[in-house]
Amino acid sequence: MVAETAAIDCDVLIVGAGIAGTAFAAAIRDRGLSVVQVEMSKQPLDTARGDHLQCVVVEQLDQWGMLPAFWAAGAEKRHSARYVTPTGEVIMPVNYQGLPIPHPYYLYLNHEVIAETFIGLARENPRHTLFKPARARDFDFLPNGGGIAALTIRLDESAAAPDGFAPGQDVVITPRLVVGADGRGSRVREEMKYTSHAHEYSSPLVVLFGPQLFDDPEHEVRSFMGPHGTLSRIPRTGGHWKVGMSIAKEDIAFWKTATLKMRQQAIAVRAPELEGFAAEVGGFYPVKLLNTDQWTRGNTVLLGDACHAMHPARGQGMNVAIRCLARLVDLLPDAADFANAEILGKRLRAYESGTKPAVDKVLADNHARGEQMDSRDPAVIATSAAALRKIADDPEFLRRYCMQSAGYADSLSALNG
Ligand SMILES: Cc1cc2nc3c(=O)[nH]c(=O)nc-3n(C[C@H](O)[C@H](O)[C@H](O)COP(=O)(O)OP(=O)(O)OC[C@H]3O[C@@H](n4cnc5c(N)ncnc54)[C@H](O)[C@@H]3O)c2cc1C
C-alpha cells in the first residue's frame, strides 16, 4: 500500500546536489534553517569534473570550519602549475608557495568526494533532509511572479527514504526560499522563465585517467601547448593523473575504439613525456557557455552552472559557484526573518546586483580562453604561448598572474569575504 502524501514546510529548498547545491547546504548548516534538498540522480557525481579548489576557496572553507572534513576525506595540496612546450621547455611557471595569502596552495579531491564531504557537513544541521533520488518537476507557483509556492516529488520505490517518509510516497514541499542548483539544464531556470544566452564551443573535451607515471612532488598541473593542441595533466588524489584535452568532434570515435597503445601514442604527440601513461577514457564533454540575464526572481535564486556555466579551460566553474554562494550566505536574513518575503526578496536582489557584474566579467575572460583552447589552430596556440611567455618574463606580471590564479586579484576578488 502506498503511503499518504506527506507535507513538509521548510525555510530553504535546494534543487540539485552537485557542488553548488551541496556547498550551499553545508555553508548554511549552522544558521538555524530547515533545509530540504532534492537530487534526481542515484549515482555519485561524475568524477571527471572540477576537482581543484582555488587558494581563495580554501580560505573560505577554513572560515566555514570545513577544512578538517576535507583533509579527512583525503584532500591533497597542489603548489604549482606550469605551461610547457611539448618537449617540456617552460613557457610560464605558476607558483603559489610564496604568495602572501593564508593558504598558498590549491586543494584537490575527486569531484564526487567534494560533494560527499559537503553533504556530510550539511547533515550536521539536524533540520537538513535530502531526498535522493527524487526529480523536481511538479511545481506550483505564487501569484504575481512571487516565485515557487510548492514542489511535489515522488520518492523512489526502490530506494530508502529519509526518516518519517516511505519509498514511493508523494511529498509536497512548501519552501520560503528556492535555490536552483540544478546544473546547466536547470528545471528551476526553465520553470521560472529566466532568460539566458548560450554559446556552444566546437571542440568537445576528452578526459582520461591513469596512475601517475613518475614522481611529482609539487603535484603540479602541467599544460602542454604545441602545434597539435593543448593537453593538461592534472593530479588526482592517491597518485593518479587526469588528462584533459580538446579534440575534434569527429575524433570521438577514435578515442572510443582506440587500444591502450593507440591512446598512448595520441597523447604522446601532444606531450611526449606521457608516452607510457596507462590512460583509460573517463568521458567526453560537449562544452557550452551559459549566462542568465537574472539570478533571482521572486523567492528563487540560481546558483552554479544553472546560471553561469563556462568552458573548463581555466578550471573555474565550481570555484566561481562556491565564491558566489559564499556571498549569498552572507546576505541571507536571520532564520526569524525568513518568512518575510519582502526582506528575503531584497537580500536576493542585493546578492544579484553585488555579485553578477563580476561574474559576467569572469565569463567574458573565460570565454576568451575557451575560444583559444577550442580552436586547436597551431597559430592561435602559438599566440597564447607567446602571451604567457611575456607574462613570465616580467616578475611583477607573473606575481599578479599567480595572485589571479589563486583568486586574489581577479574580477571576483572584490567579493572575497
Ligand atoms: C571535464 C570538466 C572539467 C572541469 N574542471 C573544472 C575545474 O577544474 N575547476 C572548476 O572549478 N570547474 C571545473 N569544471 C566545471 C564544474 O565541474 C562545474 O561548474 C560544477 O561542477 C557545476 O556544479 P553545479 O552544482 O552547478 O551543477 P551540476 O554538477 O550539474 O549539479 C546539478 C545537480 O542537479 C541535479 N538535478 C538536475 N536537475 C534536477 C531536477 N530537476 N531535480 C533534482 N535534481 C536535479 C543533477 O543530477 C546534478 O547532480 C569542469 C567541468 C567539466 C565538464
# chains A, B, ... in the order shown; residues from 1 in each chain; ligands from 1

$ residues_near_ligand --ligand "ligand 1" --cutoff "7 Å" --atoms "only C-alpha atoms and all ligand atoms" --output "PyMOL selection string"
chain A and resi 15-21+38-41+45+48-53+134-137+181-187+205+207+285+303-306+309-310+312+315-321

$ residues_around --residues "Val58 (chain A)" --least-positions-apart "4" --cutoff "9 Å" --atoms "only C-alpha atoms" --output "PyMOL selection string"
chain A and resi 53-54+62-63+67+102-103+105-107

$ closest_residue --among "A:Tyr401, A:Tyr96, A:Trp241, A:Trp295" --to "Ala350 (chain A)" --atoms "only C-alpha atoms"
A:Trp295

$ residues_around --residues "Cys10 (chain A)" --least-positions-apart "3" --cutoff "8 Å" --atoms "only C-alpha atoms" --output "MDAnalysis selection string"
chainID A and resid 13 33:36 173:176

$ atom_distance --atom1 "CA of Arg270 (chain A)" --atom2 "CA of Ser223 (chain A)"
10.0 Å

$ select_by_dssp --residues "region 12-186 of chain A" --states "helix (DSSP H, G or I)" --output "PyMOL selection string"
chain A and resi 19-27+55-63+67-72+111-122

$ residues_around --residues "Gly120 (chain A)" --least-positions-apart "6" --cutoff "10 Å" --atoms "only C-alpha atoms" --output "PDB file with C-alpha atoms, in the first residue's frame"
ATOM      1  CA  THR A  22      25.877  20.683  -1.527  1.00  0.00           C
ATOM      2  CA  ALA A  25      23.661  23.330   2.188  1.00  0.00           C
ATOM      3  CA  ALA A  26      26.938  22.912   4.082  1.00  0.00           C
ATOM      4  CA  ALA A  69      36.465  17.358   6.856  1.00  0.00           C
ATOM      5  CA  ILE A 114      33.949  17.054  -2.675  1.00  0.00           C
TER       6      ILE A 114
END

$ select_by_dssp --residues "region 122-307 of chain A" --states "strand (DSSP E or B)" --output "ChimeraX atom specification"
/A:128-131,138-142,147-154,170-180,196-200,205-211,221-226,229-236,240-246,280-285,288-292,296-297,300-302

$ write_last_selection --atoms "C-alpha atoms" --output "mmCIF file, in the first residue's frame"
data_model
loop_
_atom_site.group_PDB
_atom_site.id
_atom_site.type_symbol
_atom_site.label_atom_id
_atom_site.label_comp_id
_atom_site.auth_asym_id
_atom_site.auth_seq_id
_atom_site.Cartn_x
_atom_site.Cartn_y
_atom_site.Cartn_z
ATOM 1 C CA HIS A 128 18.573 19.104 6.730
ATOM 2 C CA THR A 129 16.634 16.478 4.731
ATOM 3 C CA LEU A 130 17.982 15.024 1.478
ATOM 4 C CA PHE A 131 15.615 13.299 -0.942
ATOM 5 C CA ASP A 138 5.995 19.388 -10.452
ATOM 6 C CA PHE A 139 5.966 22.997 -9.242
ATOM 7 C CA ASP A 140 3.155 25.280 -8.011
ATOM 8 C CA PHE A 141 3.679 28.987 -8.283
ATOM 9 C CA LEU A 142 2.961 32.025 -6.115
ATOM 10 C CA GLY A 147 8.174 32.514 -7.273
ATOM 11 C CA ILE A 148 7.626 28.901 -6.288
ATOM 12 C CA ALA A 149 4.891 28.043 -3.768
ATOM 13 C CA ALA A 150 5.423 24.283 -3.623
ATOM 14 C CA LEU A 151 7.201 21.354 -5.202
ATOM 15 C CA THR A 152 5.682 17.875 -5.248
ATOM 16 C CA ILE A 153 8.110 14.992 -5.599
ATOM 17 C CA ARG A 154 7.612 11.241 -5.711
ATOM 18 C CA ASP A 170 4.472 11.740 -2.715
ATOM 19 C CA VAL A 171 5.858 14.676 -0.754
ATOM 20 C CA VAL A 172 4.664 18.271 -1.059
ATOM 21 C CA ILE A 173 7.447 20.691 -0.101
ATOM 22 C CA THR A 174 6.457 24.262 0.776
ATOM 23 C CA PRO A 175 9.582 26.463 0.841
ATOM 24 C CA ARG A 176 10.266 30.076 1.675
ATOM 25 C CA LEU A 177 13.407 30.247 -0.476
ATOM 26 C CA VAL A 178 14.104 28.053 -3.521
ATOM 27 C CA VAL A 179 17.706 27.591 -4.657
ATOM 28 C CA GLY A 180 18.027 26.294 -8.228
ATOM 29 C CA SER A 196 19.815 33.481 -20.885
ATOM 30 C CA HIS A 197 22.303 33.390 -23.724
ATOM 31 C CA ALA A 198 24.490 30.467 -24.633
ATOM 32 C CA HIS A 199 27.499 29.676 -26.780
ATOM 33 C CA GLU A 200 28.404 26.200 -27.933
ATOM 34 C CA LEU A 205 36.863 17.660 -24.329
ATOM 35 C CA VAL A 206 38.083 14.147 -23.711
ATOM 36 C CA VAL A 207 39.155 13.249 -20.180
ATOM 37 C CA LEU A 208 41.395 10.250 -19.406
ATOM 38 C CA PHE A 209 42.613 8.764 -16.124
ATOM 39 C CA GLY A 210 45.598 6.666 -15.127
ATOM 40 C CA PRO A 211 48.225 6.102 -12.445
ATOM 41 C CA VAL A 221 49.195 20.849 -13.184
ATOM 42 C CA ARG A 222 51.233 20.729 -16.361
ATOM 43 C CA SER A 223 49.729 22.184 -19.545
ATOM 44 C CA PHE A 224 51.489 21.235 -22.774
ATOM 45 C CA MET A 225 50.971 23.812 -25.542
ATOM 46 C CA GLY A 226 52.018 22.797 -29.030
ATOM 47 C CA GLY A 229 46.765 21.323 -29.357
ATOM 48 C CA THR A 230 46.875 21.847 -25.616
ATOM 49 C CA LEU A 231 46.827 18.976 -23.145
ATOM 50 C CA SER A 232 46.633 19.309 -19.377
ATOM 51 C CA ARG A 233 47.957 16.754 -16.938
ATOM 52 C CA ILE A 234 46.187 17.198 -13.628
ATOM 53 C CA PRO A 235 46.966 15.455 -10.310
ATOM 54 C CA ARG A 236 44.307 13.363 -8.600
ATOM 55 C CA HIS A 240 46.690 9.325 -10.114
ATOM 56 C CA TRP A 241 46.586 11.750 -13.009
ATOM 57 C CA LYS A 242 43.771 13.105 -15.125
ATOM 58 C CA VAL A 243 44.490 14.213 -18.667
ATOM 59 C CA GLY A 244 42.148 16.623 -20.441
ATOM 60 C CA MET A 245 42.292 17.962 -23.991
ATOM 61 C CA SER A 246 40.141 19.499 -26.707
ATOM 62 C CA GLU A 280 41.558 4.981 -19.623
ATOM 63 C CA VAL A 281 38.861 7.199 -21.144
ATOM 64 C CA GLY A 282 36.756 8.889 -18.446
ATOM 65 C CA GLY A 283 34.310 10.692 -20.729
ATOM 66 C CA PHE A 284 33.579 13.214 -23.474
ATOM 67 C CA TYR A 285 32.215 16.673 -22.728
ATOM 68 C CA LYS A 288 28.890 25.271 -23.576
ATOM 69 C CA LEU A 289 28.796 28.742 -22.061
ATOM 70 C CA LEU A 290 25.516 29.765 -20.480
ATOM 71 C CA ASN A 291 24.794 33.065 -18.788
ATOM 72 C CA THR A 292 21.361 34.004 -17.468
ATOM 73 C CA THR A 296 16.835 35.830 -8.865
ATOM 74 C CA ARG A 297 13.075 36.015 -9.404
ATOM 75 C CA THR A 300 14.000 31.798 -6.289
ATOM 76 C CA VAL A 301 17.724 32.187 -6.857
ATOM 77 C CA LEU A 302 20.017 30.262 -9.201
#

$ closest_residue --among "A:Val359, A:Leu274, A:Val329, A:Val90" --to "Ala386 (chain A)" --atoms "only C-alpha atoms"
A:Val90

$ closest_residue --among "A:Pro204, A:Pro167, A:Gly32, A:Gly146" --to "Pro286 (chain A)" --atoms "only C-alpha atoms"
A:Pro204

$ residues_around --residues "Ala409 (chain A)" --least-positions-apart "2" --cutoff "12 Å" --atoms "only C-alpha atoms" --output "PyMOL selection string"
chain A and resi 55-56+99+101+362+397+399-407+411-416

$ residues_around --residues "Thr259 (chain A)" --least-positions-apart "3" --cutoff "12 Å" --atoms "only C-alpha atoms" --output "list in words"
Phe254, Trp255, Lys256, Met262, Arg263, Gln264, Gln265, Ala266, Ala278, Ala279, Glu280 and Val281 of chain A

$ closest_residue --among "A:Gly238, A:His308, A:Val94, A:Asp46" --to "Ala364 (chain A)" --atoms "only C-alpha atoms"
A:His308

$ closest_residue --among "A:Glu273, A:Asp334, A:Glu59, A:Asp30" --to "Pro86 (chain A)" --atoms "only C-alpha atoms"
A:Glu273
